[in-house]
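Participant: Pasting a structure here, questions to come.
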Number of protein chains: 2
Amino acid sequence: MTTTPERPALDRLLSPRSIAMVGASNSPTRIGGTVFGNLLRAFPGEVHPIHPKDEVVQGRTAFRRVGDLPEPVDLAVIAVPAPAVVDVVAECAARGVGGAAVITSGFAEAGPEGRALQDRLTAVSRETGIRVIGPNCIGFMNSHGGVMANFMITPDQPMPEAGPVALVSQSGGFGSYITNKAVLAGLRLGWFVSTGNEADVNVATVLRHLVERPEVGVLLSFVETLRDPEVFVDTARRAAELDKPLVLLKAGRSEEAARAAMSHTASIVGSARVLDAVCRQYGVFVASTMEELLDLGTIFQDGRRARGNRVIVMTSSGGAGVLLADEAGQAGLSVPELPAEEQAALAADMPVPFYGSTVNPVDTTAQTTAMPGAYSKVLNAVAASPSADMLAAVTWAGPGPANDAIVETYRTTAKPVAILSTAWSEQFQRAGVPTFTDPRRAMVALAALAAQSARRPAPPGPARFTADAARVRRARELIAEAGRETTLLESTGKRILALYGVPVTREELVTDAEAAVEAAERIGGPVAIKAMSYRLPHKSDAGAIRLGLRGAEAVRAGYREMLAEVARREPGAVVEGVLVQQMAPARIELTCGVQRDPVFGPMVAIGLGGVLIEVLSEAVLLRPPFDVDTALAALGGLLGGRLVTGRRGLSEEEQRAAARVMTGLGELALELDEVAEVDVNPLRVADGVVLAADALIVVNHE
Amino acid sequence: MTTTPERPALDRLLSPRSIAMVGASNSPTRIGGTVFGNLLRAFPGEVHPIHPKDEVVQGRTAFRRVGDLPEPVDLAVIAVPAPAVVDVVAECAARGVGGAAVITSGFAEAGPEGRALQDRLTAVSRETGIRVIGPNCIGFMNSHGGVMANFMITPDQPMPEAGPVALVSQSGGFGSYITNKAVLAGLRLGWFVSTGNEADVNVATVLRHLVERPEVGVLLSFVETLRDPEVFVDTARRAAELDKPLVLLKAGRSEEAARAAMSHTASIVGSARVLDAVCRQYGVFVASTMEELLDLGTIFQDGRRARGNRVIVMTSSGGAGVLLADEAGQAGLSVPELPAEEQAALAADMPVPFYGSTVNPVDTTAQTTAMPGAYSKVLNAVAASPSADMLAAVTWAGPGPANDAIVETYRTTAKPVAILSTAWSEQFQRAGVPTFTDPRRAMVALAALAAQSARRPAPPGPARFTADAARVRRARELIAEAGRETTLLESTGKRILALYGVPVTREELVTDAEAAVEAAERIGGPVAIKAMSYRLPHKSDAGAIRLGLRGAEAVRAGYREMLAEVARREPGAVVEGVLVQQMAPARIELTCGVQRDPVFGPMVAIGLGGVLIEVLSEAVLLRPPFDVDTALAALGGLLGGRLVTGRRGLSEEEQRAAARVMTGLGELALELDEVAEVDVNPLRVADGVVLAADALIVVNHE
């Protein structure tokens with residue numbers, strides 16, 4: 001299940017035993033001074049400055065050149081002007097250095113010359129095997145190894161507490177935000193890696209490396225462009241196997257942002273919808289904001305898992321309790337009413353008279369908080385409730401008995417806990433109590449934890465797909481019939497679909513009216529006739545279609561009139577034949593197709609079709625290969641589930657049939673690279689049957 | 001446009017010149033001690049403790065009873081056990097006290113006995129005219145008047161800086177959160193009022209009072225149950241007239257939360273969707289989280305307005321810039337590319353070589369931040385850009401030149417500014433610089449500000465509606481035909497709709513087959529026939545409908561077969577007649593109706609209809625009276641705008657026709673109180689025409 005890296009692994013680069021810095025400076029306000037100062041903070045091994053003139057840099061003996069280094073260090077940190085970088089990296093490679101972290105800017109983000117420099121840097125890395133992070137990055141932090149190879153904070157600022165959270169980010173500036181925030185909010189950040197322009201290493205390759213490391217329990221990532229999608233998907237599978245949550249924040253979702261991203265790290269921005277779909281399919285959490293990325297890190301860092309999705313809410317503020325219950329419901333969690341005996345037991349510990357609630361939310365009122373011992377007793381009872389899998393508790397208090405009780409209960413329960421507080425208290429941070437400053441943020445985090453806990457250990461669907469050579473041959477023969485045409489005739493497209501198990505309307509291609517009459521008789525019932533021409537992709541606009549013809553006379557007349565109308569409207573169009581087609585009934589019309597994403601490749605889409613397709617553009621997307629169960633689950637997510645649960649929604653039989661259409665299109669996309677696009681619209685659904693009533697297949701001839 | 005309060009205004013209660021406290025205590029840990037201590041903090045007038053035994057409370061001479069007070073104080077704060085409260089309030093009224101803030105719990109939230117106590121409290125207030133906030137509240141704060149009549153913080157905790165923000169909340173616990181957060185985040189909170197169980201005063205009445213106060217510029221509110229919807233709507237109109245933003249956070253949206261709210265303040269929870277719709281209609285901002293409520297307070301508190309929705313983003317972190325641009329786009333703001341000459345001017349102030357961007361987001365890179373003067377120059381140029389109406393700037397820095405520059409630019413520009421920072425800096429708080437800790441939160445706030453700025457000063461639609469007596473009479477004659485039946489026949493319903501200008505299908509009610517044939521001829525084209533019976537509300541389930549009948553033979557046969565089937569399936573159903581009806585074409589089917597919300601009364605709904613109605617439950621809601629323009633705007637919001645912009649969406653003519661159906665139903669709902677529900681489904685749309693093809697009207701006979 002794991003990929004074999006073709007290139008030297010990232011161990012020497014990211015977990016070095018010795019370090020050199022080219023561009024180390026004695027000036028603390030220069031980046032070369034800040035980074036070198038940080039390197040000296042905690043690294044247990046040798047840190048060698050390289051400096052053209054100074055003998056000593058920040059107390060360490062400097063070397064003139066990389067070639068003068070007394071040993072082939074594992075990591076070289078590079079902060080010299082851009083034009084010098086490539087040669088320095090080449091020198092490093094020659095000296096046997098394992099990897100380089102290139103802080104310097106002025107590469108692909110800085111126009112054509114910089115682009116050329118970066119290409120040379122990539123080439124050096126490829127040719128020599130030296131691994132490179134950056135250029136144009138803020139460096140990285142490996143707290144476990146004592147490596148502060150970055151300028152995200154200055155040497156005098158506090159370091160975040162080391163822990164199981166790893167963050168990998170294209171953006172370097174994000175590193176400053178996250179480290180400051182981590183210190184503030186108690187996120188125990190063991191790793192931060194910024195990848196910058198990604199001349200060699202990218203976010204996916206770093207995640208793939210870190211997911212295997214035992215000290216890493218939670219993977220957070222921030223990307224603008226996801227390179228190496230296969231590595232990313234493989235990381236997601238591996239993270240699922242190891243039960244390590246993987247969270248992604250994606251920038252560049254809007255057009256405004258796409259333009260900004262392009263200009264600042266020379267990125268190609270893929271489709272945000274496709275990325276979301278791929279993440280859902282492979283179990284990656286998509287954070288919708290910066291703070292949510294941190295919140296998920298916070299809830300996951302203690303490694304707890306929930307046995308179900310039931311939350312018990314304890315509050316001394318009724319309003320906050322209601323908001324928490326609200327957000328629990330919206331996040332898909334339940335806040336079950338406690339059974340009478342549990343309520344009675346809770347009530348016994350409450351003040352008398354008691355004006356709160358023991359139902360859940362358990363509202364202790366402010367009185368309980370003030371009573372010595374009572375708050376703690378109730379909180380422990382609530383945490384021990386067999387009716388709930390997770391605990392959310394509210395505190396507006398400052399240091400004192402209530403907060404002491406929260407810390408104590410957190411320590412003694414194995415259940416996941418989320419505290420709603422005005423701000424992050426130092427006491428909770430020290431104790432590792434996950435704290436959230438808004439009810440929604442608390443419940444979104446608990447819901448993610450519940451989802452991670454409920455996940456089956458194996459990733460969904462088959463990992464490998466084997467093409468069916470005979471089917472491919474037959475499909476290519478059909479494609480060849482189109483010659484140099486790129487849009488296949490509907491009749492050809494449907495024959496290809498049939499090869500992949502997609503049920504299509506009964507139909508025959510004919511070339512004269514009498515043959516049409518005979519075909520209509522064989523098909524039975526009313527028929528549609530459609531003129532097939534490479535020049536008429538939009539048949540109804542050209543009058544190239546007649547619907548609901550019954551009996552020989554109607555078919556004959558329709559045939560004649562249709563061809564006359566086509567000849568009048570589109571005089572240049574050669575008609576290759578006429579398709580006589582069963583009229584398929586439809587209670588619901590779906591549309592199903594294949595598109596190719598520049599990042600993730602083929603994606604199968606399914607959504608509502610027919611007249612409303614433009615009105616309702618909602619669709620779900622799956623990346624092949626996937627199995628029927630995955631397709632069924634995706635269908636179940638359409639229109640908020642109403643497509644399958646509505647009274648007139650898809651029956652189980654129809655769902656299975658539609659799912660098989662999806663898997664068929666997925667196989668088609670994997671087997672036939674030359675198929676650029678498939679559009680089955682409508683896919684008519686009625687009486688347990690789905691039928692492709694029209695099909696558009698576009699091919700690339702290379 | 002303003003309501004005339006029937007009861008004494010809230011001035012004496014909320015802006016007292018003298019105060020007494022019943023239940024004042026010498027023990028600082030008791031609520032009576034905390035509140036009294038708070039009262040002494042800043043109040044410039046007399047504060048009299050009332051105590052049965054102690055001669056002096058916290059240094060002030062105590063009185064035995066309210067009757068002993070030397071003067072009829074404006075405000076009495078009451079924190080005595082629940083059973084004593086009603087008598088104390090009555091005593092206060094007798095002594096001429098203006099208002100009472102009842103902190104005590106144990107009323108409606110505590111079961112039937114408490115409910116009875118509260119009813120007595122309400123009665124005393126009504127009978128004597130004394131205004132009451134609470135019971136079961138945390139009190140209130142009027143910073144401008146120096147009134148800290150609450151226990152939301154203890155006397156030793158810092159007070160939030162006074163300012164233009166007013167928060168009115170049913171929940172008292174929310175007060176602790178908001179005051180702590182306000183201190184933390186620099187929200188200048190001049191007013192906080194908790195209304196608790198709302199025996200007299202409620203959130204709407206307090207908002208209505210505060211909107212008129214000159215020192216109040218921004219109104220925030222948190223409600224579980226909105227009582228006095230008319231007062232709320234009136235407040236919204238008045239807030240719009242005065243250009244004071246009104247923001248609402250509503251708890252109890254989910255079923256889980258509704259149950260919690262019911263148990264904790266004895267609330268009836270209305271429909272969250274209706275409340276959202278009413279807020280949209282009247283220009284009230286709906287905050288989706290606690291933090292968003294505060295964020296909107298933060299962006300609005302300096303009173304700035306934007307001339308448009310263009311944002312310029314300045315960042316030293318490319319990634320943060322992209323996220324801000326993303327969120328701007330998602331919030332409906334634009335991040336326009338700067339013209340070449342502006343970019344050139346910016347570039348002149350940047351370091352050389354410069355690897356950032358001047359496009360917008362303007363990415364200065366970290367180098368610029370470090371260069372003395374450069375950051376400030378660029379920031380000022382960016383703020384002065386004629387290409388943008390608002391400024392969003394990123395800083396991860398601590399105190400220093402960059403943050404000084406931000407404060408200076410904020411002071412000198414008149415444009416709205418939002419700063420994205422890791423945390424709230426003291427420096428920004430002192431200077432009042434609006435700061436946000438997440439890109440989404442910053443852009444949601446700026447978008448709200450842009451929306452407030454773009455608002456036309458007058459509230460939309462007519463405020464008053466005058467019933468048409470002749471039409472009401474005619475409609476009631478038709479309703480009377482149903483006798484005691486509550487669901488009108490379709491044929492009757494359509495005649496009522498026609499009175500209100502709703503176009504209905506051509507149709508005739510007949511009682512024999514030959515009359516049906518003749519009616520079909522007069523109507524023309526294919527017809528539908530439907531058996532009319534009070535026992536058959538679901539006609540198709542009972543076989544009581546035949547569609548697409550053409551010609552005398554088909555009508556005659558259909559009539560016979562239909563009645564036979566109805567007789568077989570529903571032997572008990574009396575058929576009052578058969579409706580012969582035009583078959584209306586439909587490119588799109590809508591559904592339009594009226595429902596009555598327990599809080600806001602009649603609401604007109606419109607959404608997609610027909611087969612998909614259960615699959616797609618999205619609809620927009622309007623509260624009558626409203627005009628055609630308001631209806632058109634609501635239609636434009638359906639399905640994310642695609643219903644009116646899609647290629648096969650509604651034409652302008654069809655939009656106007658649908659809007660007139662909505663205003664007609666709105667008038668119907670206002671004129672006919674006995675109509676509980678109207679359901680026009682489908683409303684068939686084609687070729688510029690909309691036609692009600694079916695109608696269900698349910699009436700209450702009182």
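Order determines the names: the first chain of the structure tokens is A, the second B, and so forth; residues in each chain are numbered 1 upward, and ligands are numbered 1 upward as they are shown.
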Could you name the residues that touch Asp673 in chain B at 12 Å or less, counting only C-alpha atoms, but leaving out those on the same chain fewer than 2 positions away, as an NGL selection string?

Facilitator: :B and (467 or 472 or 475-476 or 594-596 or 601-602 or 666-671 or 675-678 or 698-702)

Participant: Quick one: everything within 10 Å of range 415-417 of chain A, counting only C-alpha atoms, minus sequence neighbours fewer than 2 positions away in the same chain. Send it as a count of residues only.

Facilitator: 33

Participant: When you count only C-alpha atoms, which of these residues is closest to chain B: A:Thr511, A:Thr104, A:Thr492, A:Gln343?

Facilitator: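 Ranked by minimum distance to chain B, first place goes to A:Thr104.
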
Participant: Can you tell me, as a PyMOL selection string, which residues in range 42-110 of chain A count as helix (DSSP H, G or I) by DSSP?

Facilitator: chain A and resi 42+66-68+82-95+108-110

Participant: Closest to Lys244 in chain A among A:Ala199, A:Tyr177, A:Val165, A:Ile50, using only C-alpha atoms?

Facilitator: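 Of A:Ala199, A:Tyr177, A:Val165, A:Ile50, the one nearest Lys244 in chain A, counting only C-alpha atoms, is A:Val165.
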
Participant: Per DSSP on the backbone, filter range 89-186 of chain A down to the residues in strand (DSSP E or B) and report them as number ranges by chain.

Facilitator: A: 99-102, 131-133, 139-142, 147-150, 165-169

Participant: When you look at Val504 in chain B with a cut-off of 10 Å (counting only C-alpha atoms), what residues show up, excluding the ones that are within fewer than 2 positions of it in the same chain? I need them as a list of chain:residue names.

Facilitator: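 Close residues of Val504 in chain B: B:Lys494, B:Arg495, B:Leu497, B:Ala498, B:Gly501, B:Val502, B:Arg506, B:Glu507, B:Gln581, B:Gln582, B:Ala584, B:Val680, B:Leu683, B:Arg684, B:Val690, B:Leu691, B:Ala692, B:Ala693, B:Asp694, B:Ala695.
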
Participant: Kindly give the distance, in Å, that separates CA of Arg441 in chain B and CA of Leu296 in chain B, rounded to a single decimal.

Facilitator: 9.0 Å

Participant: CA of Pro155 in chain A to CA of Gly398 in chain B: how many Å, to one decimal?

Facilitator: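 Going from CA of Pro155 in chain A over to CA of Gly398 in chain B, I get 13.9 Å.
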
Participant: Closest to chain B among A:Ile138, A:Ala482, A:Ala414, A:Val57, using only C-alpha atoms?

Facilitator: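 Nearest candidate to chain B out of A:Ile138, A:Ala482, A:Ala414, A:Val57: A:Ile138.
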
Participant: Hey, which of B:Ala515, B:Leu650, B:Ile130, B:Leu10 ends up closest to chain A? Count only C-alpha atoms.

Facilitator: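 Closest candidate: B:Leu650.
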
Participant: My list of candidates is A:Asp627, A:Glu521, A:Glu198, A:Glu674. Which is closest to Ile103 in chain A when distances are computed with only C-alpha atoms?

Facilitator: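 Using only C-alpha atoms, Ile103 in chain A sits closest to A:Glu198.
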
Participant: Looking at only C-alpha atoms, which of B:Asn197, B:Thr645, B:Ser25, B:Thr205 is the one that sits closest to chain A?

Facilitator: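 Nearest to chain A: B:Thr645.
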
Participant: Excluding same-chain residues fewer than 6 positions from Val124 in chain B, what lies within 8 Å of it counting only C-alpha atoms, as JSON, numbers by chain?

Facilitator: {"B": [86, 89, 90, 130]}

Participant: So which residues touch Ala657 in chain A within 7 Å, counting only C-alpha atoms, skipping near sequence neighbours fewer than 4 positions away, as an MDAnalysis selection string?

Facilitator: chainID A and resid 653 661 689:690

Participant: Identify, on the basis of only C-alpha atoms, every residue whose closest approach to range 211-222 of chain A does not exceed 7 Å; exclude the query and any residue fewer than 6 positions from it along the same chain; express the result as a list in words.

Facilitator: Pro164, Val165, Ala166, Leu167, Val168, Ser169, Gln170, Ala239, Lys244, Pro245, Leu246, Val247, Leu248, Leu249, Lys250, Leu293, Gly297, Phe300 and Gln301 of chain A

Participant: Let's have the selection written as a PDB file, in the first residue's frame, with N, CA, C and O atoms.

Facilitator:
```pdb
ATOM      1  N   PRO A 164       2.474  16.280  19.021  1.00  0.00           N
ATOM      2  CA  PRO A 164       2.212  15.379  17.903  1.00  0.00           C
ATOM      3  C   PRO A 164       1.728  16.057  16.635  1.00  0.00           C
ATOM      4  O   PRO A 164       1.501  15.390  15.637  1.00  0.00           O
ATOM      5  N   VAL A 165       1.529  17.385  16.662  1.00  0.00           N
ATOM      6  CA  VAL A 165       0.939  18.045  15.498  1.00  0.00           C
ATOM      7  C   VAL A 165       2.035  18.446  14.516  1.00  0.00           C
ATOM      8  O   VAL A 165       3.030  19.055  14.896  1.00  0.00           O
ATOM      9  N   ALA A 166       1.820  18.111  13.246  1.00  0.00           N
ATOM     10  CA  ALA A 166       2.724  18.515  12.173  1.00  0.00           C
ATOM     11  C   ALA A 166       1.948  19.392  11.206  1.00  0.00           C
ATOM     12  O   ALA A 166       0.824  19.068  10.841  1.00  0.00           O
ATOM     13  N   LEU A 167       2.545  20.512  10.817  1.00  0.00           N
ATOM     14  CA  LEU A 167       1.918  21.380   9.819  1.00  0.00           C
ATOM     15  C   LEU A 167       2.860  21.535   8.645  1.00  0.00           C
ATOM     16  O   LEU A 167       4.028  21.880   8.812  1.00  0.00           O
ATOM     17  N   VAL A 168       2.335  21.275   7.463  1.00  0.00           N
ATOM     18  CA  VAL A 168       3.108  21.448   6.236  1.00  0.00           C
ATOM     19  C   VAL A 168       2.386  22.490   5.400  1.00  0.00           C
ATOM     20  O   VAL A 168       1.177  22.383   5.180  1.00  0.00           O
ATOM     21  N   SER A 169       3.121  23.502   4.951  1.00  0.00           N
ATOM     22  CA  SER A 169       2.488  24.656   4.326  1.00  0.00           C
ATOM     23  C   SER A 169       3.322  25.173   3.176  1.00  0.00           C
ATOM     24  O   SER A 169       4.531  25.309   3.310  1.00  0.00           O
ATOM     25  N   GLN A 170       2.692  25.455   2.048  1.00  0.00           N
ATOM     26  CA  GLN A 170       3.439  26.139   1.000  1.00  0.00           C
ATOM     27  C   GLN A 170       3.828  27.520   1.464  1.00  0.00           C
ATOM     28  O   GLN A 170       4.922  27.985   1.228  1.00  0.00           O
ATOM     29  N   ALA A 239      -2.485   7.526   6.081  1.00  0.00           N
ATOM     30  CA  ALA A 239      -2.968   8.190   7.295  1.00  0.00           C
ATOM     31  C   ALA A 239      -4.185   7.447   7.834  1.00  0.00           C
ATOM     32  O   ALA A 239      -4.335   7.270   9.052  1.00  0.00           O
ATOM     33  N   LYS A 244      -4.193   8.396  11.664  1.00  0.00           N
ATOM     34  CA  LYS A 244      -3.672   9.744  11.927  1.00  0.00           C
ATOM     35  C   LYS A 244      -4.494  10.721  11.102  1.00  0.00           C
ATOM     36  O   LYS A 244      -4.455  10.678   9.878  1.00  0.00           O
ATOM     37  N   PRO A 245      -5.243  11.616  11.762  1.00  0.00           N
ATOM     38  CA  PRO A 245      -6.072  12.552  10.996  1.00  0.00           C
ATOM     39  C   PRO A 245      -5.219  13.452  10.107  1.00  0.00           C
ATOM     40  O   PRO A 245      -4.142  13.912  10.523  1.00  0.00           O
ATOM     41  N   LEU A 246      -5.715  13.686   8.898  1.00  0.00           N
ATOM     42  CA  LEU A 246      -5.054  14.559   7.930  1.00  0.00           C
ATOM     43  C   LEU A 246      -6.037  15.672   7.587  1.00  0.00           C
ATOM     44  O   LEU A 246      -7.162  15.398   7.177  1.00  0.00           O
ATOM     45  N   VAL A 247      -5.617  16.909   7.798  1.00  0.00           N
ATOM     46  CA  VAL A 247      -6.495  18.068   7.593  1.00  0.00           C
ATOM     47  C   VAL A 247      -5.867  18.985   6.554  1.00  0.00           C
ATOM     48  O   VAL A 247      -4.661  19.231   6.593  1.00  0.00           O
ATOM     49  N   LEU A 248      -6.690  19.485   5.650  1.00  0.00           N
ATOM     50  CA  LEU A 248      -6.186  20.331   4.574  1.00  0.00           C
ATOM     51  C   LEU A 248      -6.928  21.658   4.558  1.00  0.00           C
ATOM     52  O   LEU A 248      -8.151  21.690   4.622  1.00  0.00           O
ATOM     53  N   LEU A 249      -6.181  22.734   4.482  1.00  0.00           N
ATOM     54  CA  LEU A 249      -6.764  24.047   4.198  1.00  0.00           C
ATOM     55  C   LEU A 249      -6.256  24.448   2.830  1.00  0.00           C
ATOM     56  O   LEU A 249      -5.057  24.447   2.573  1.00  0.00           O
ATOM     57  N   LYS A 250      -7.201  24.774   1.938  1.00  0.00           N
ATOM     58  CA  LYS A 250      -6.827  25.068   0.559  1.00  0.00           C
ATOM     59  C   LYS A 250      -7.090  26.531   0.276  1.00  0.00           C
ATOM     60  O   LYS A 250      -8.219  27.006   0.463  1.00  0.00           O
ATOM     61  N   LEU A 293      -8.475  25.008  10.885  1.00  0.00           N
ATOM     62  CA  LEU A 293      -7.299  24.134  10.767  1.00  0.00           C
ATOM     63  C   LEU A 293      -6.656  23.930  12.143  1.00  0.00           C
ATOM     64  O   LEU A 293      -6.330  22.807  12.550  1.00  0.00           O
ATOM     65  N   GLY A 297      -6.489  20.602  14.777  1.00  0.00           N
ATOM     66  CA  GLY A 297      -5.248  20.188  15.426  1.00  0.00           C
ATOM     67  C   GLY A 297      -5.441  20.071  16.930  1.00  0.00           C
ATOM     68  O   GLY A 297      -4.974  19.119  17.574  1.00  0.00           O
ATOM     69  N   PHE A 300      -7.525  16.982  17.928  1.00  0.00           N
ATOM     70  CA  PHE A 300      -6.912  15.690  17.606  1.00  0.00           C
ATOM     71  C   PHE A 300      -5.612  15.445  18.364  1.00  0.00           C
ATOM     72  O   PHE A 300      -5.122  14.329  18.395  1.00  0.00           O
ATOM     73  N   GLN A 301      -5.010  16.476  18.963  1.00  0.00           N
ATOM     74  CA  GLN A 301      -3.641  16.305  19.447  1.00  0.00           C
ATOM     75  C   GLN A 301      -3.520  15.367  20.646  1.00  0.00           C
ATOM     76  O   GLN A 301      -2.455  14.819  20.890  1.00  0.00           O
TER      77      GLN A 301
END
```

Participant: Please indicate the distance in Å from CA of Leu509 in chain A to CA of Ser540 in chain A, rounded to one decimal place.

Facilitator: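 Computed distance, CA of Leu509 in chain A to CA of Ser540 in chain A, equals 18.1 Å.
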